[in-house]
Amino acid sequence: MTRLERIFSLFVVAICAAVVLPTVANAQLRNQNRYSKRNVSDIIKRLENSSDTFKRDFKRALDRSILNNTPREDEYNGYVRNFENSLDRLRSNFDRSRNWWEVRNDVEDVVRAGQPVNDIINRLPFQRDIERQWRQMRNDLNTVADTYDLPGLDGGGWSGGWNGNPNYPGNQGGGWDDNWQMSRPPNWAVGTYYGVGPRGERITLAIQSNGRATSSVNGQPVSYGRYYRGLLTFGRDSATLVRTRNGLDTVSTMNRETISYSKQGWSDGGNDDWNNGSRPPNWAVGTFYANSPQDGSRMTMTITQEGNVTVVMGNGAPSYGKLNGNTLRMGPYSSRVYRQGNGFRTVSDTDGQTIVYTRY
């Protein structure tokens, strides 16, 4: 290379450095001027400490759920452990760094590890304290991510008690809003489903493969909604979807109110007339108690004179059904009801499981 060529090469390198270095510096300093290292350190420390408590409480919640002793329980606990470990690494590397921008890759790893945990919390029904813990951690994590010019985790959507609530009809009569964001639902969620609301109202729910959804209560005009990233939203209110044996459950993001849906409609093909219903016998009207055969938790069932049924398990959210004659329907499941002592027993039509309810 001649002397002139060397000079020209050095000139090109100098020009590149003049362009690139200020760009990098600006990227680093833009948010460093908004947050001090102490600010970021406090948030990361709070996140790392919170993750220990969250991991413990999350594990206990799964131990008390139907996922206990299943491969899915191990999988979910593994996601939480990975998230906690990534936070441990972030805090350790951050404390050792002289320039807090150096740990940007570690922050990115934490966000990536938190994504499956966020999906689980948004998709499945958990106790409110678990959701509250995760909501605070997600807010802190998103603040840290924003500090490093990184995208954070999606939130839980709008809150509300949708689940077919006629007080929140969504977009009636006008079709779907072109500005709505939609995503493809899982295959098991696509189709038309039938459920019973908290006042015994009959709900028809249809979810399309493109994310569009419709709902009709007692044959009233159709409401329009949408599915997006695990949430089914109508108007101001949303619910997560949980797959069941014969259909799906919607779980309100506000109060955990749960409604079970089946593809079978309201009639199982027998002589039950679910349109007209029937008045339950006096011995079946009132509030009754039983112990869950799964985990021994307290079950409370209330039956009105119109045959509307509400069931609460432990401190969980209510589920709704209908008693017609001696047939109890809870979403896709049905049982026969027989008088026993000062209460009754239910016998599942699916597996013959028997539960005894008493008034006291």
# chains A, B, ... in the order shown; residues from 1 in each chain; ligands from 1
>>> residues_around(residues="Phe54 of chain A", least_positions_apart="2", cutoff="9 Å", atoms="only C-alpha atoms", output="PDB file with N, CA and C atoms, in the first residue's frame")
ATOM      1  N   SER A  50     -38.036  -9.478  44.931  1.00  0.00           N
ATOM      2  CA  SER A  50     -39.426  -9.876  44.716  1.00  0.00           C
ATOM      3  C   SER A  50     -39.519 -11.238  44.047  1.00  0.00           C
ATOM      4  N   SER A  51     -38.547 -11.551  43.191  1.00  0.00           N
ATOM      5  CA  SER A  51     -38.608 -12.818  42.456  1.00  0.00           C
ATOM      6  C   SER A  51     -38.509 -14.018  43.393  1.00  0.00           C
ATOM      7  N   ASP A  52     -37.796 -13.870  44.504  1.00  0.00           N
ATOM      8  CA  ASP A  52     -37.693 -14.974  45.467  1.00  0.00           C
ATOM      9  C   ASP A  52     -39.062 -15.282  46.072  1.00  0.00           C
ATOM     10  N   ARG A  56     -41.644 -18.699  45.355  1.00  0.00           N
ATOM     11  CA  ARG A  56     -42.202 -19.505  46.434  1.00  0.00           C
ATOM     12  C   ARG A  56     -43.730 -19.558  46.365  1.00  0.00           C
ATOM     13  N   ASP A  57     -44.373 -18.390  46.214  1.00  0.00           N
ATOM     14  CA  ASP A  57     -45.834 -18.343  46.203  1.00  0.00           C
ATOM     15  C   ASP A  57     -46.411 -18.976  44.946  1.00  0.00           C
ATOM     16  N   PHE A  58     -45.723 -18.822  43.826  1.00  0.00           N
ATOM     17  CA  PHE A  58     -46.174 -19.432  42.575  1.00  0.00           C
ATOM     18  C   PHE A  58     -46.162 -20.955  42.695  1.00  0.00           C
ATOM     19  N   LYS A  59     -45.096 -21.500  43.285  1.00  0.00           N
ATOM     20  CA  LYS A  59     -45.000 -22.943  43.474  1.00  0.00           C
ATOM     21  C   LYS A  59     -46.122 -23.451  44.378  1.00  0.00           C
ATOM     22  N   VAL A  80     -40.297 -20.031  35.891  1.00  0.00           N
ATOM     23  CA  VAL A  80     -40.110 -19.061  36.977  1.00  0.00           C
ATOM     24  C   VAL A  80     -38.683 -19.124  37.511  1.00  0.00           C
ATOM     25  N   ILE A 130     -50.938 -13.556  43.677  1.00  0.00           N
ATOM     26  CA  ILE A 130     -49.954 -13.938  42.664  1.00  0.00           C
ATOM     27  C   ILE A 130     -49.978 -12.945  41.513  1.00  0.00           C
ATOM     28  N   GLN A 133     -48.457  -9.608  42.610  1.00  0.00           N
ATOM     29  CA  GLN A 133     -46.987  -9.668  42.649  1.00  0.00           C
ATOM     30  C   GLN A 133     -46.406  -9.552  41.247  1.00  0.00           C
ATOM     31  N   TRP A 134     -46.973 -10.339  40.325  1.00  0.00           N
ATOM     32  CA  TRP A 134     -46.419 -10.329  38.970  1.00  0.00           C
ATOM     33  C   TRP A 134     -46.631  -8.976  38.299  1.00  0.00           C
TER      34      TRP A 134
END
>>> select_by_dssp(residues="segment 41-188 of chain A", states="alpha helix (DSSP H)", output="PyMOL selection string")
chain A and resi 41-63+71-96+104-123+128-147
>>> atom_distance(atom1="atom CA of Thr287 of chain A", atom2="atom CA of Gly352 of chain A")
23.1 Å
>>> residues_around(residues="segment 300-315 of chain A", least_positions_apart="4", cutoff="7 Å", atoms="only C-alpha atoms", output="list in words")
Arg199, Gly200, Ser278, Arg279, Pro280, Ala284, Val285, Gly286, Thr287, Phe288, Tyr289, Ala290, Ser319, Tyr320, Gly321, Lys322, Leu323 and Asn324 of chain A
>>> write_last_selection(atoms="N, CA and C atoms", output="compact mmCIF listing (two decimals), in the first residue's frame")
# COMPACT_ATOMS: atom_id res chain seq x y z
N ARG A 199 -76.64 -14.97 36.08
CA ARG A 199 -78.08 -14.88 36.36
C ARG A 199 -78.87 -15.91 35.57
N GLY A 200 -78.18 -16.94 35.11
CA GLY A 200 -78.84 -17.99 34.35
C GLY A 200 -79.01 -17.66 32.89
N SER A 278 -86.99 -25.39 35.01
CA SER A 278 -87.99 -25.93 35.93
C SER A 278 -87.61 -25.50 37.34
N ARG A 279 -88.62 -25.32 38.18
CA ARG A 279 -88.39 -24.90 39.55
C ARG A 279 -87.82 -26.05 40.36
N PRO A 280 -86.68 -25.86 41.02
CA PRO A 280 -86.09 -26.96 41.80
C PRO A 280 -86.98 -27.30 42.99
N ALA A 284 -83.69 -28.48 47.47
CA ALA A 284 -82.49 -28.17 46.69
C ALA A 284 -82.23 -26.67 46.60
N VAL A 285 -83.09 -25.86 47.22
CA VAL A 285 -82.92 -24.40 47.15
C VAL A 285 -82.19 -23.92 48.40
N GLY A 286 -81.14 -23.11 48.21
CA GLY A 286 -80.40 -22.58 49.34
C GLY A 286 -78.90 -22.65 49.11
N THR A 287 -78.14 -22.58 50.19
CA THR A 287 -76.68 -22.64 50.13
C THR A 287 -76.20 -23.91 50.81
N PHE A 288 -75.31 -24.63 50.12
CA PHE A 288 -74.84 -25.93 50.58
C PHE A 288 -73.31 -25.95 50.53
N TYR A 289 -72.72 -26.88 51.32
CA TYR A 289 -71.27 -26.93 51.45
C TYR A 289 -70.77 -28.36 51.26
N ALA A 290 -69.57 -28.46 50.70
CA ALA A 290 -68.93 -29.77 50.50
C ALA A 290 -67.43 -29.57 50.48
N SER A 319 -68.29 -19.88 39.63
CA SER A 319 -68.69 -20.48 38.36
C SER A 319 -70.20 -20.62 38.38
N TYR A 320 -70.79 -20.69 37.20
CA TYR A 320 -72.25 -20.64 37.13
C TYR A 320 -72.80 -21.83 36.35
N GLY A 321 -74.01 -22.22 36.73
CA GLY A 321 -74.66 -23.34 36.06
C GLY A 321 -76.16 -23.25 36.21
N LYS A 322 -76.84 -24.37 35.95
CA LYS A 322 -78.29 -24.41 35.96
C LYS A 322 -78.74 -25.78 36.47
N LEU A 323 -79.73 -25.77 37.38
CA LEU A 323 -80.34 -27.01 37.84
C LEU A 323 -81.70 -27.13 37.17
N ASN A 324 -81.88 -28.18 36.37
CA ASN A 324 -83.13 -28.40 35.66
C ASN A 324 -83.61 -29.80 36.01
>>> atom_distance(atom1="atom CA of Val103 of chain A", atom2="atom CA of Pro116 of chain A")
21.8 Å
>>> residues_around(residues="segment 89-95 of chain A", least_positions_apart="4", cutoff="7 Å", atoms="only C-alpha atoms", output="ChimeraX atom specification")
/A:44-45,85,100,103,106-107
>>> residues_around(residues="Arg202 of chain A", least_positions_apart="6", cutoff="7 Å", atoms="only C-alpha atoms", output="list in words")
Gly195, Val196, Val217 and Asn218 of chain A
>>> atom_distance(atom1="atom CA of Ser36 of chain A", atom2="atom CA of Leu87 of chain A")
19.5 Å
>>> closest_residue(among="A:Ile259, A:Val144, A:Val242, A:Leu232", to="Gly197 of chain A", atoms="only C-alpha atoms")
A:Ile259
>>> closest_residue(among="A:Ile43, A:Val356, A:Ile203, A:Val110", to="Leu150 of chain A", atoms="only C-alpha atoms")
A:Val110
>>> residues_around(residues="Arg212 of chain A", least_positions_apart="2", cutoff="7 Å", atoms="only C-alpha atoms", output="list in words")
Ile207, Gln208, Asn210, Gly225, Arg226 and Tyr227 of chain A
>>> closest_residue(among="A:Ser216, A:Asn142, A:Asn68, A:Gln264", to="Leu248 of chain A", atoms="only C-alpha atoms")
A:Gln264
>>> closest_residue(among="A:Gly247, A:Pro71, A:Gly78, A:Pro151", to="Glu108 of chain A", atoms="only C-alpha atoms")
A:Pro151
>>> closest_residue(among="A:Asn187, A:Gly152, A:Thr258, A:Pro281", to="Asn326 of chain A", atoms="only C-alpha atoms")
A:Pro281
